[in-house]
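What's in target-v6.pdb: PDB, C-alpha atoms
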ATOM      1  CA  MET N 150     -17.251  15.941   7.871
ATOM      2  CA  GLN N 151     -17.214  18.340   5.004
ATOM      3  CA  SER N 152     -19.796  17.516   2.365
ATOM      4  CA  PRO N 153     -17.959  16.090  -0.643
ATOM      5  CA  SER N 154     -18.886  17.160  -4.127
ATOM      6  CA  LEU N 155     -20.616  14.402  -6.038
ATOM      7  CA  SER N 156     -19.889  13.827  -9.688
ATOM      8  CA  SER N 157     -23.380  15.037 -10.530
ATOM      9  CA  SER N 158     -22.421  18.536  -9.395
ATOM     10  CA  SER N 159     -19.381  18.716 -11.674
ATOM     11  CA  PRO N 160     -19.283  20.870 -14.808
ATOM     12  CA  SER N 161     -19.134  17.672 -16.901
ATOM     13  CA  PRO N 162     -21.607  15.436 -15.078
ATOM     14  CA  SER N 163     -21.371  11.701 -15.539
ATOM     15  CA  PRO N 164     -23.664  10.788 -18.418
ATOM     16  CA  SER N 165     -24.903   7.477 -17.113
ATOM     17  CA  PRO N 166     -26.822   6.089 -14.154
ATOM     18  CA  LEU N 167     -24.003   3.562 -13.722
ATOM     19  CA  LEU N 168     -21.433   6.291 -13.130
ATOM     20  CA  ASP N 169     -23.825   7.960 -10.707
ATOM     21  CA  ALA N 170     -24.265   4.631  -8.903
ATOM     22  CA  LEU N 171     -20.503   4.260  -8.701
ATOM     23  CA  ALA N 172     -20.078   7.787  -7.331
ATOM     24  CA  ALA N 173     -22.799   7.142  -4.732
ATOM     25  CA  HIS N 174     -21.093   3.898  -3.779
ATOM     26  CA  TYR N 175     -17.828   5.721  -3.135
ATOM     27  CA  MET N 176     -19.489   8.454  -1.125
ATOM     28  CA  ALA N 177     -21.152   5.908   1.176
ATOM     29  CA  MET N 178     -17.732   4.925   2.545
ATOM     30  CA  PRO N 179     -16.462   7.507   5.087
ATOM     31  CA  PRO N 180     -12.728   7.104   4.345
ATOM     32  CA  VAL N 181     -13.412   7.367   0.614
ATOM     33  CA  ALA N 182     -15.790  10.324   0.944
ATOM     34  CA  ALA N 183     -13.039  12.121   2.879
ATOM     35  CA  MET N 184     -10.887  12.020  -0.265
ATOM     36  CA  GLN N 185     -13.702  13.743  -2.257
ATOM     37  CA  PRO N 186     -13.215  11.595  -5.344
ATOM     38  CA  ARG N 187     -15.053  12.427  -8.564
ATOM     39  CA  VAL N 188     -15.801  10.056 -11.401
ATOM     40  CA  LEU N 189     -14.804  11.838 -14.620
ATOM     41  CA  ASP N 190     -15.569   9.401 -17.415
ATOM     42  CA  TRP N 191     -15.555   5.813 -18.559
ATOM     43  CA  GLU N 192     -14.607   5.327 -22.178
ATOM     44  CA  ASP N 193     -12.859   2.651 -24.224
ATOM     45  CA  GLY N 194     -12.228   0.510 -21.163
ATOM     46  CA  CYS N 195     -10.592   3.340 -19.222
ATOM     47  CA  LEU N 196     -12.076   4.841 -16.054
ATOM     48  CA  ARG N 197     -10.824   8.300 -15.100
ATOM     49  CA  MET N 198     -11.191   9.856 -11.687
ATOM     50  CA  GLN N 199     -10.060  12.953  -9.870
ATOM     51  CA  ALA N 200      -9.727  14.250  -6.308
ATOM     52  CA  PRO N 201      -8.814  17.689  -4.960
ATOM     53  CA  LEU N 202      -5.310  18.175  -3.585
ATOM     54  CA  ASP N 203      -6.474  20.062  -0.496
ATOM     55  CA  ALA N 204      -8.433  17.051   0.817
ATOM     56  CA  ASN N 205      -5.466  14.785   0.139
ATOM     57  CA  VAL N 206      -2.448  16.859   1.021
ATOM     58  CA  ASN N 207       0.438  15.722   3.208
ATOM     59  CA  ASP N 208       2.882  17.653   5.374
ATOM     60  CA  LYS N 209       5.026  18.544   2.337
ATOM     61  CA  GLY N 210       2.200  20.291   0.465
ATOM     62  CA  CYS N 211       1.840  17.485  -2.076
ATOM     63  CA  ALA N 212      -0.500  14.530  -2.245
ATOM     64  CA  PHE N 213      -0.398  11.970   0.568
ATOM     65  CA  GLY N 214       0.884   8.634  -0.766
ATOM     66  CA  GLY N 215      -1.985   6.808   0.902
ATOM     67  CA  SER N 216      -4.475   8.964  -1.007
ATOM     68  CA  LEU N 217      -2.770   8.196  -4.317
ATOM     69  CA  SER N 218      -2.848   4.509  -3.485
ATOM     70  CA  SER N 219      -6.460   4.608  -2.276
ATOM     71  CA  LEU N 220      -7.702   6.600  -5.259
ATOM     72  CA  MET N 221      -6.046   4.169  -7.668
ATOM     73  CA  THR N 222      -7.408   1.230  -5.645
ATOM     74  CA  ILE N 223     -11.006   2.454  -5.776
ATOM     75  CA  ALA N 224     -10.647   3.299  -9.468
ATOM     76  CA  GLY N 225      -9.731  -0.348 -10.110
ATOM     77  CA  TRP N 226     -12.712  -1.446  -8.056
ATOM     78  CA  GLY N 227     -14.912   0.908 -10.064
ATOM     79  CA  LEU N 228     -13.681  -0.458 -13.360
ATOM     80  CA  ALA N 229     -14.635  -4.022 -12.370
ATOM     81  CA  PHE N 230     -17.996  -2.741 -11.106
ATOM     82  CA  LEU N 231     -18.718  -0.927 -14.397
ATOM     83  CA  ARG N 232     -17.667  -3.832 -16.615
ATOM     84  CA  LEU N 233     -19.956  -6.183 -14.729
ATOM     85  CA  ALA N 234     -22.838  -3.752 -14.302
ATOM     86  CA  GLU N 235     -22.885  -3.060 -18.035
ATOM     87  CA  ALA N 236     -23.424  -6.787 -18.511
ATOM     88  CA  GLY N 237     -26.230  -6.762 -15.941
ATOM     89  CA  LEU N 238     -24.166  -8.592 -13.343
ATOM     90  CA  GLU N 239     -23.744  -7.873  -9.657
ATOM     91  CA  ALA N 240     -20.755  -9.186  -7.760
ATOM     92  CA  ASP N 241     -18.825  -8.716  -4.580
ATOM     93  CA  ILE N 242     -15.542  -7.217  -5.687
ATOM     94  CA  TYR N 243     -12.415  -7.281  -3.543
ATOM     95  CA  VAL N 244      -8.888  -6.067  -4.035
ATOM     96  CA  ALA N 245      -6.641  -9.053  -3.319
ATOM     97  CA  ASP N 246      -3.202  -7.503  -3.626
ATOM     98  CA  SER N 247      -1.539  -4.487  -5.113
ATOM     99  CA  ARG N 248       1.845  -3.011  -5.773
ATOM    100  CA  VAL N 249       2.381   0.741  -5.863
ATOM    101  CA  ARG N 250       5.388   2.665  -7.121
ATOM    102  CA  TYR N 251       5.557   6.327  -6.125
ATOM    103  CA  LEU N 252       7.522   8.130  -8.816
ATOM    104  CA  LYS N 253       6.932  11.877  -8.477
ATOM    105  CA  PRO N 254       5.289  14.219  -5.977
ATOM    106  CA  VAL N 255       1.848  15.547  -6.927
ATOM    107  CA  TYR N 256       1.371  19.273  -6.289
ATOM    108  CA  GLU N 257      -1.958  19.483  -8.115
ATOM    109  CA  ASP N 258      -5.369  17.817  -8.018
ATOM    110  CA  LEU N 259      -5.059  14.043  -8.241
ATOM    111  CA  ARG N 260      -5.941  12.534 -11.607
ATOM    112  CA  VAL N 261      -6.100   8.788 -12.010
ATOM    113  CA  GLU N 262      -6.901   6.441 -14.859
ATOM    114  CA  VAL N 263      -7.230   2.685 -14.768
ATOM    115  CA  ARG N 264      -7.434  -0.078 -17.345
ATOM    116  CA  LEU N 265      -7.706  -3.844 -17.206
ATOM    117  CA  ASP N 266      -4.459  -5.650 -17.874
ATOM    118  CA  THR N 267      -5.382  -8.037 -20.660
ATOM    119  CA  ALA N 268      -1.939  -9.654 -20.807
ATOM    120  CA  GLY N 269      -0.389 -12.101 -18.371
ATOM    121  CA  GLU N 270      -1.833 -14.778 -16.144
ATOM    122  CA  SER N 271      -5.315 -13.351 -15.654
ATOM    123  CA  ALA N 272      -5.760 -12.356 -19.298
ATOM    124  CA  ALA N 273      -8.694 -14.679 -20.030
ATOM    125  CA  ASP N 274     -10.815 -13.331 -17.173
ATOM    126  CA  ALA N 275      -9.878  -9.738 -18.037
ATOM    127  CA  ILE N 276     -10.773 -10.052 -21.712
ATOM    128  CA  ASP N 277     -14.249 -11.310 -20.867
ATOM    129  CA  LEU N 278     -14.888 -10.490 -17.218
ATOM    130  CA  PRO N 279     -18.694 -10.955 -17.398
ATOM    131  CA  GLY N 280     -18.248 -14.277 -19.231
ATOM    132  CA  ALA N 281     -15.728 -15.517 -16.683
ATOM    133  CA  LEU N 282     -18.014 -14.578 -13.807
ATOM    134  CA  ARG N 283     -21.016 -16.290 -15.410
ATOM    135  CA  ALA N 284     -19.031 -19.441 -16.182
ATOM    136  CA  LYS N 285     -17.194 -19.870 -12.889
ATOM    137  CA  GLY N 286     -19.073 -17.710 -10.389
ATOM    138  CA  ARG N 287     -15.739 -16.034  -9.710
ATOM    139  CA  ALA N 288     -13.182 -14.115 -11.713
ATOM    140  CA  SER N 289      -9.763 -12.654 -11.055
ATOM    141  CA  VAL N 290      -8.425  -9.704 -13.017
ATOM    142  CA  ARG N 291      -5.400  -7.499 -12.927
ATOM    143  CA  MET N 292      -5.566  -3.722 -13.418
ATOM    144  CA  GLU N 293      -3.036  -1.029 -13.966
ATOM    145  CA  ALA N 294      -3.841   2.403 -12.581
ATOM    146  CA  ARG N 295      -1.778   5.527 -13.070
ATOM    147  CA  THR N 296      -1.704   8.899 -11.380
ATOM    148  CA  LEU N 297      -1.078  11.439 -14.116
ATOM    149  CA  LEU N 298       0.379  14.924 -13.916
ATOM    150  CA  ALA N 299      -0.821  17.909 -15.934
ATOM    151  CA  ASP N 300       2.588  18.004 -17.655
ATOM    152  CA  GLY N 301       2.037  14.472 -18.960
ATOM    153  CA  GLY N 302       4.253  12.766 -16.383
ATOM    154  CA  VAL N 303       3.289   9.696 -14.381
ATOM    155  CA  ALA N 304       3.386  10.270 -10.624
ATOM    156  CA  ALA N 305       2.461   6.780  -9.411
ATOM    157  CA  VAL N 306       1.538   3.388 -10.772
ATOM    158  CA  LEU N 307      -0.562   0.725  -9.092
ATOM    159  CA  VAL N 308      -0.897  -2.806 -10.351
ATOM    160  CA  GLY N 309      -3.683  -4.565  -8.495
ATOM    161  CA  ARG N 310      -5.449  -7.893  -8.595
ATOM    162  CA  TYR N 311      -9.187  -7.907  -7.946
ATOM    163  CA  VAL N 312     -11.504 -10.823  -7.351
ATOM    164  CA  ALA N 313     -15.197 -10.721  -8.262
ATOM    165  CA  ILE N 314     -17.582 -13.251  -6.760
ATOM    166  CA  ALA N 315     -21.073 -13.592  -8.233
ATOM    167  CA  ARG N 316     -23.944 -12.662  -5.930
ATOM    168  CA  GLY N 317     -26.912 -14.873  -5.190
TER     169      GLY N 317
ATOM    170  CA  MET M1097     -14.514  17.397   9.164
ATOM    171  CA  GLN M1098     -15.073  15.505  12.379
ATOM    172  CA  SER M1099     -12.478  16.260  15.023
ATOM    173  CA  PRO M1100     -10.199  13.229  15.305
ATOM    174  CA  SER M1101      -9.101  11.948  18.703
ATOM    175  CA  LEU M1102      -5.448  12.578  19.328
ATOM    176  CA  SER M1103      -3.309  10.010  21.068
ATOM    177  CA  SER M1104      -2.956  12.360  24.019
ATOM    178  CA  SER M1105      -6.683  11.975  24.730
ATOM    179  CA  SER M1106      -6.521   8.181  24.795
ATOM    180  CA  PRO M1107      -6.795   6.145  28.007
ATOM    181  CA  SER M1108      -3.157   5.036  27.527
ATOM    182  CA  PRO M1109      -1.486   8.260  26.429
ATOM    183  CA  SER M1110       1.811   8.078  24.539
ATOM    184  CA  PRO M1111       4.600   8.405  27.091
ATOM    185  CA  SER M1112       7.024  10.441  25.026
ATOM    186  CA  PRO M1113       7.210  13.821  23.292
ATOM    187  CA  LEU M1114       8.359  11.967  20.156
ATOM    188  CA  LEU M1115       5.154   9.937  19.988
ATOM    189  CA  ASP M1116       3.162  13.115  20.570
ATOM    190  CA  ALA M1117       5.088  14.794  17.742
ATOM    191  CA  LEU M1118       4.337  11.845  15.488
ATOM    192  CA  ALA M1119       0.627  11.940  16.342
ATOM    193  CA  ALA M1120       0.536  15.691  15.675
ATOM    194  CA  HIS M1121       2.280  15.130  12.359
ATOM    195  CA  TYR M1122      -0.378  12.632  11.310
ATOM    196  CA  MET M1123      -3.237  14.870  12.368
ATOM    197  CA  ALA M1124      -1.887  17.769  10.291
ATOM    198  CA  MET M1125      -2.647  15.819   7.107
ATOM    199  CA  PRO M1126      -6.387  15.945   6.245
ATOM    200  CA  PRO M1127      -6.621  12.506   4.605
ATOM    201  CA  VAL M1128      -4.759  10.942   7.533
ATOM    202  CA  ALA M1129      -6.755  12.805  10.185
ATOM    203  CA  ALA M1130      -9.922  11.456   8.528
ATOM    204  CA  MET M1131      -8.782   7.929   9.423
ATOM    205  CA  GLN M1132      -8.466   8.978  13.104
ATOM    206  CA  PRO M1133      -5.254   7.054  13.694
ATOM    207  CA  ARG M1134      -3.838   6.660  17.193
ATOM    208  CA  VAL M1135      -0.243   5.912  18.080
ATOM    209  CA  LEU M1136      -0.318   3.127  20.679
ATOM    210  CA  ASP M1137       3.302   2.426  21.528
ATOM    211  CA  TRP M1138       6.840   2.112  20.266
ATOM    212  CA  GLU M1139       8.836  -0.658  21.866
ATOM    213  CA  ASP M1140      11.649  -2.987  20.818
ATOM    214  CA  GLY M1141      11.685  -1.570  17.305
ATOM    215  CA  CYS M1142       7.957  -2.108  16.792
ATOM    216  CA  LEU M1143       5.481   0.739  16.305
ATOM    217  CA  ARG M1144       1.843  -0.089  16.995
ATOM    218  CA  MET M1145      -1.088   1.995  15.803
ATOM    219  CA  GLN M1146      -4.852   1.792  15.790
ATOM    220  CA  ALA M1147      -7.815   3.386  14.020
ATOM    221  CA  PRO M1148     -11.562   3.069  14.616
ATOM    222  CA  LEU M1149     -13.546   0.915  12.218
ATOM    223  CA  ASP M1150     -16.376   3.442  11.839
ATOM    224  CA  ALA M1151     -14.077   6.057  10.284
ATOM    225  CA  ASN M1152     -12.611   3.445   7.947
ATOM    226  CA  VAL M1153     -15.549   1.268   7.013
ATOM    227  CA  ASN M1154     -16.446   0.210   3.473
ATOM    228  CA  ASP M1155     -19.751  -0.765   1.899
ATOM    229  CA  LYS M1156     -19.476  -4.317   3.289
ATOM    230  CA  GLY M1157     -19.262  -3.199   6.920
ATOM    231  CA  CYS M1158     -15.575  -4.059   7.184
ATOM    232  CA  ALA M1159     -12.441  -1.954   6.832
ATOM    233  CA  PHE M1160     -11.803  -0.214   3.517
ATOM    234  CA  GLY M1161      -8.712  -1.697   1.861
ATOM    235  CA  GLY M1162      -7.333   1.768   1.201
ATOM    236  CA  SER M1163      -7.498   2.549   4.925
ATOM    237  CA  LEU M1164      -5.617  -0.651   5.788
ATOM    238  CA  SER M1165      -2.990   0.231   3.214
ATOM    239  CA  SER M1166      -2.768   3.878   4.320
ATOM    240  CA  LEU M1167      -2.571   3.037   8.022
ATOM    241  CA  MET M1168       0.236   0.545   7.378
ATOM    242  CA  THR M1169       1.960   3.080   5.108
ATOM    243  CA  ILE M1170       1.941   5.858   7.715
ATOM    244  CA  ALA M1171       3.026   3.409  10.416
ATOM    245  CA  GLY M1172       6.116   2.638   8.323
ATOM    246  CA  TRP M1173       6.748   6.344   7.869
ATOM    247  CA  GLY M1174       6.370   6.798  11.634
ATOM    248  CA  LEU M1175       8.871   4.075  12.388
ATOM    249  CA  ALA M1176      11.537   5.747  10.232
ATOM    250  CA  PHE M1177      10.701   9.113  11.839
ATOM    251  CA  LEU M1178      11.054   7.690  15.373
ATOM    252  CA  ARG M1179      14.313   5.855  14.666
ATOM    253  CA  LEU M1180      15.867   9.015  13.278
ATOM    254  CA  ALA M1181      14.370  11.404  15.826
ATOM    255  CA  GLU M1182      15.720   9.274  18.677
ATOM    256  CA  ALA M1183      19.181   9.804  17.172
ATOM    257  CA  GLY M1184      18.554  13.552  16.944
ATOM    258  CA  LEU M1185      18.197  13.480  13.159
ATOM    259  CA  GLU M1186      15.620  15.127  10.939
ATOM    260  CA  ALA M1187      14.979  13.860   7.451
ATOM    261  CA  ASP M1188      12.477  14.017   4.656
ATOM    262  CA  ILE M1189      10.982  10.544   4.546
ATOM    263  CA  TYR M1190       9.155   9.175   1.521
ATOM    264  CA  VAL M1191       7.511   5.885   0.720
ATOM    265  CA  ALA M1192       9.041   4.712  -2.559
ATOM    266  CA  ASP M1193       7.061   1.573  -3.243
ATOM    267  CA  SER M1194       4.908  -0.917  -1.427
ATOM    268  CA  ARG M1195       3.186  -4.210  -1.889
ATOM    269  CA  VAL M1196       0.008  -5.063   0.000
ATOM    270  CA  ARG M1197      -1.701  -8.416   0.371
ATOM    271  CA  TYR M1198      -5.263  -8.330   1.679
ATOM    272  CA  LEU M1199      -5.865 -11.635   3.449
ATOM    273  CA  LYS M1200      -8.975 -11.322   5.635
ATOM    274  CA  PRO M1201     -11.747  -8.776   6.142
ATOM    275  CA  VAL M1202     -11.494  -6.601   9.273
ATOM    276  CA  TYR M1203     -14.774  -6.200  11.190
ATOM    277  CA  GLU M1204     -13.158  -4.511  14.182
ATOM    278  CA  ASP M1205     -10.977  -1.501  14.924
ATOM    279  CA  LEU M1206      -7.847  -1.531  12.788
ATOM    280  CA  ARG M1207      -4.669  -2.557  14.598
ATOM    281  CA  VAL M1208      -1.355  -2.281  12.833
ATOM    282  CA  GLU M1209       2.226  -3.006  13.786
ATOM    283  CA  VAL M1210       5.354  -2.333  11.790
ATOM    284  CA  ARG M1211       9.013  -3.338  12.021
ATOM    285  CA  LEU M1212      12.096  -2.680   9.959
ATOM    286  CA  ASP M1213      13.090  -5.556   7.736
ATOM    287  CA  THR M1214      16.726  -6.136   8.673
ATOM    288  CA  ALA M1215      17.261  -8.887   6.111
ATOM    289  CA  GLY M1216      17.658  -8.594   2.361
ATOM    290  CA  GLU M1217      19.070  -5.896   0.146
ATOM    291  CA  SER M1218      18.524  -2.890   2.402
ATOM    292  CA  ALA M1219      19.704  -4.672   5.557
ATOM    293  CA  ALA M1220      22.711  -2.434   6.232
ATOM    294  CA  ASP M1221      20.673   0.790   6.198
ATOM    295  CA  ALA M1222      17.927  -0.818   8.294
ATOM    296  CA  ILE M1223      20.298  -2.121  10.965
ATOM    297  CA  ASP M1224      21.758   1.351  11.502
ATOM    298  CA  LEU M1225      19.397   3.848   9.914
ATOM    299  CA  PRO M1226      20.845   6.930  11.697
ATOM    300  CA  GLY M1227      24.389   5.829  10.805
ATOM    301  CA  ALA M1228      23.466   5.309   7.171
ATOM    302  CA  LEU M1229      21.809   8.723   6.968
ATOM    303  CA  ARG M1230      24.790  10.434   8.591
ATOM    304  CA  ALA M1231      27.266   8.669   6.319
ATOM    305  CA  LYS M1232      25.480   9.046   3.006
ATOM    306  CA  GLY M1233      22.899  11.788   3.511
ATOM    307  CA  ARG M1234      20.335   9.270   2.328
ATOM    308  CA  ALA M1235      19.131   5.868   3.412
ATOM    309  CA  SER M1236      16.733   3.286   2.058
ATOM    310  CA  VAL M1237      14.970   0.810   4.308
ATOM    311  CA  ARG M1238      12.342  -1.839   3.948
ATOM    312  CA  MET M1239       9.539  -2.333   6.473
ATOM    313  CA  GLU M1240       6.953  -4.974   7.053
ATOM    314  CA  ALA M1241       3.633  -3.847   8.478
ATOM    315  CA  ARG M1242       0.781  -6.121   9.498
ATOM    316  CA  THR M1243      -2.865  -5.554  10.248
ATOM    317  CA  LEU M1244      -3.717  -7.852  13.145
ATOM    318  CA  LEU M1245      -7.057  -9.262  14.229
ATOM    319  CA  ALA M1246      -8.174  -9.678  17.827
ATOM    320  CA  ASP M1247      -8.230 -13.469  17.269
ATOM    321  CA  GLY M1248      -4.526 -13.421  16.415
ATOM    322  CA  GLY M1249      -5.010 -13.631  12.649
ATOM    323  CA  VAL M1250      -3.252 -11.429  10.121
ATOM    324  CA  ALA M1251      -5.667  -9.444   7.928
ATOM    325  CA  ALA M1252      -3.183  -7.674   5.655
ATOM    326  CA  VAL M1253       0.539  -7.368   5.121
ATOM    327  CA  LEU M1254       2.401  -4.435   3.596
ATOM    328  CA  VAL M1255       6.040  -4.534   2.609
ATOM    329  CA  GLY M1256       7.239  -1.034   1.839
ATOM    330  CA  ARG M1257      10.470   0.664   0.941
ATOM    331  CA  TYR M1258      11.105   4.098   2.395
ATOM    332  CA  VAL M1259      13.781   6.618   1.547
ATOM    333  CA  ALA M1260      15.082   9.136   4.083
ATOM    334  CA  ILE M1261      17.021  12.197   2.901
ATOM    335  CA  ALA M1262      18.928  14.260   5.437
ATOM    336  CA  ARG M1263      17.744  17.839   5.932
ATOM    337  CA  GLY M1264      19.919  20.890   5.754
TER     338      GLY M1264
END

Just give me the structure as structure tokens.
Amino acid sequence: MQSPSLSSSSPSPSPSPLLDALAAHYMAMPPVAAMQPRVLDWEDGCLRMQAPLDANVNDKGCAFGGSLSSLMTIAGWGLAFLRLAEAGLEADIYVADSRVRYLKPVYEDLRVEVRLDTAGESAADAIDLPGALRAKGRASVRMEARTLLADGGVAAVLVGRYVAIARG
Amino acid sequence: MQSPSLSSSSPSPSPSPLLDALAAHYMAMPPVAAMQPRVLDWEDGCLRMQAPLDANVNDKGCAFGGSLSSLMTIAGWGLAFLRLAEAGLEADIYVADSRVRYLKPVYEDLRVEVRLDTAGESAADAIDLPGALRAKGRASVRMEARTLLADGGVAAVLVGRYVAIARG
């Protein structure tokens, strides 16, 4: 297995121990490490990640759909992790279901961003995820992740529901 | 990158050149090869595949959700490939969208089976995929893939829509 580049070796290293913890978490999972994901930044409720095309390429020379889906899935997981960790909370976080639309082929490195969906049925938990987890021991949130192209286009969209269950 | 086991090295080798071609196709994609998928069999319109847990494990010791999703996604792709190849047709096959429900954790090797969904809106194309491709140069089919547990339970379900476009 080729050694994946950690975010700490990037030109713009993650500025926080939490982002380093998230990157280490990803790299501890063999199928995730194989995608060589990098945590770019976490600002204003948006987590951005990246992965090299050559580790995620399909037979057509563009990104494998499963890699797009997986990268968006782990970005959503990471967002829940960061929201809770910032509040000093640890939880087991699971993806419960997701819907992916593949819109355009990706012939460049994969770039993904994810945000909580603060509208709709799970709005209350999303608006105050730490509060919901403290109050109920469990929270359910919806995320929207996008794979973005350098030309500004959207290559894929994932809407996923994640469940966090308080530890201990 | 660890060398993945091809189906031809399994104790129950795939009996047909088409299954060998499918396995080779998978292994040519780095992110798919990393999952070490194996084509088990293709009978009565059902394609069965498998992948080892240790190449697809998450931080909780069970299968990474992205691997479940990816394995079911490539199984659906493989089913369309086999249906068309049996009819002597080559096509570019894409997954257009998919919905995944994660129902139970998988603490064992991943086993997936996939069938065409011959009900609903894309029924006509699914019932005669080669005929639809010949007639229109393009066909759209829906599949249902399941991740099965050794105890008979269903760990995850993917419903995906695939588009095939005739080559040449």

Report as a ChimeraX atom specification the residues that result from applying the ChimeraX specification (/N :<6) & /M to the structure here. /M:1097-1098,1125-1127,1151-1152,1154,1162,1166,1192-1198

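Across N:Asp300, N:Glu257, N:Asp274, N:Glu239, the tightest approach to N:Ile314 is made by N:Glu239 when counting all atoms listed in the file.
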
Report the distance between atom CA of M:Pro1133 and atom CA of N:Ala224 in Å, rounded to one decimal place. 24.1 Å

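With atom CA of M:Arg1211 on one side and atom CA of M:Gly1233 on the other, the separation reads 22.2 Å.
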
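The spacing separating atom CA of M:Ala1147 from atom CA of M:Tyr1203 amounts to 12.2 Å.
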
Please expand the PyMOL selection byres ((chain M and resi 1180) around 12) into the concrete residues it hits in this file, giving the result as a PyMOL selection string. chain M and resi 1114+1173-1179+1181-1189+1221-1222+1224-1230+1234-1235+1260-1263

Go through the shown structure with the PyMOL selection byres ((chain M and resi 1208) around 9) and write out the matching residues as a PyMOL selection string. chain M and resi 1143-1147+1164+1167-1168+1171+1206-1207+1209-1210+1241-1244
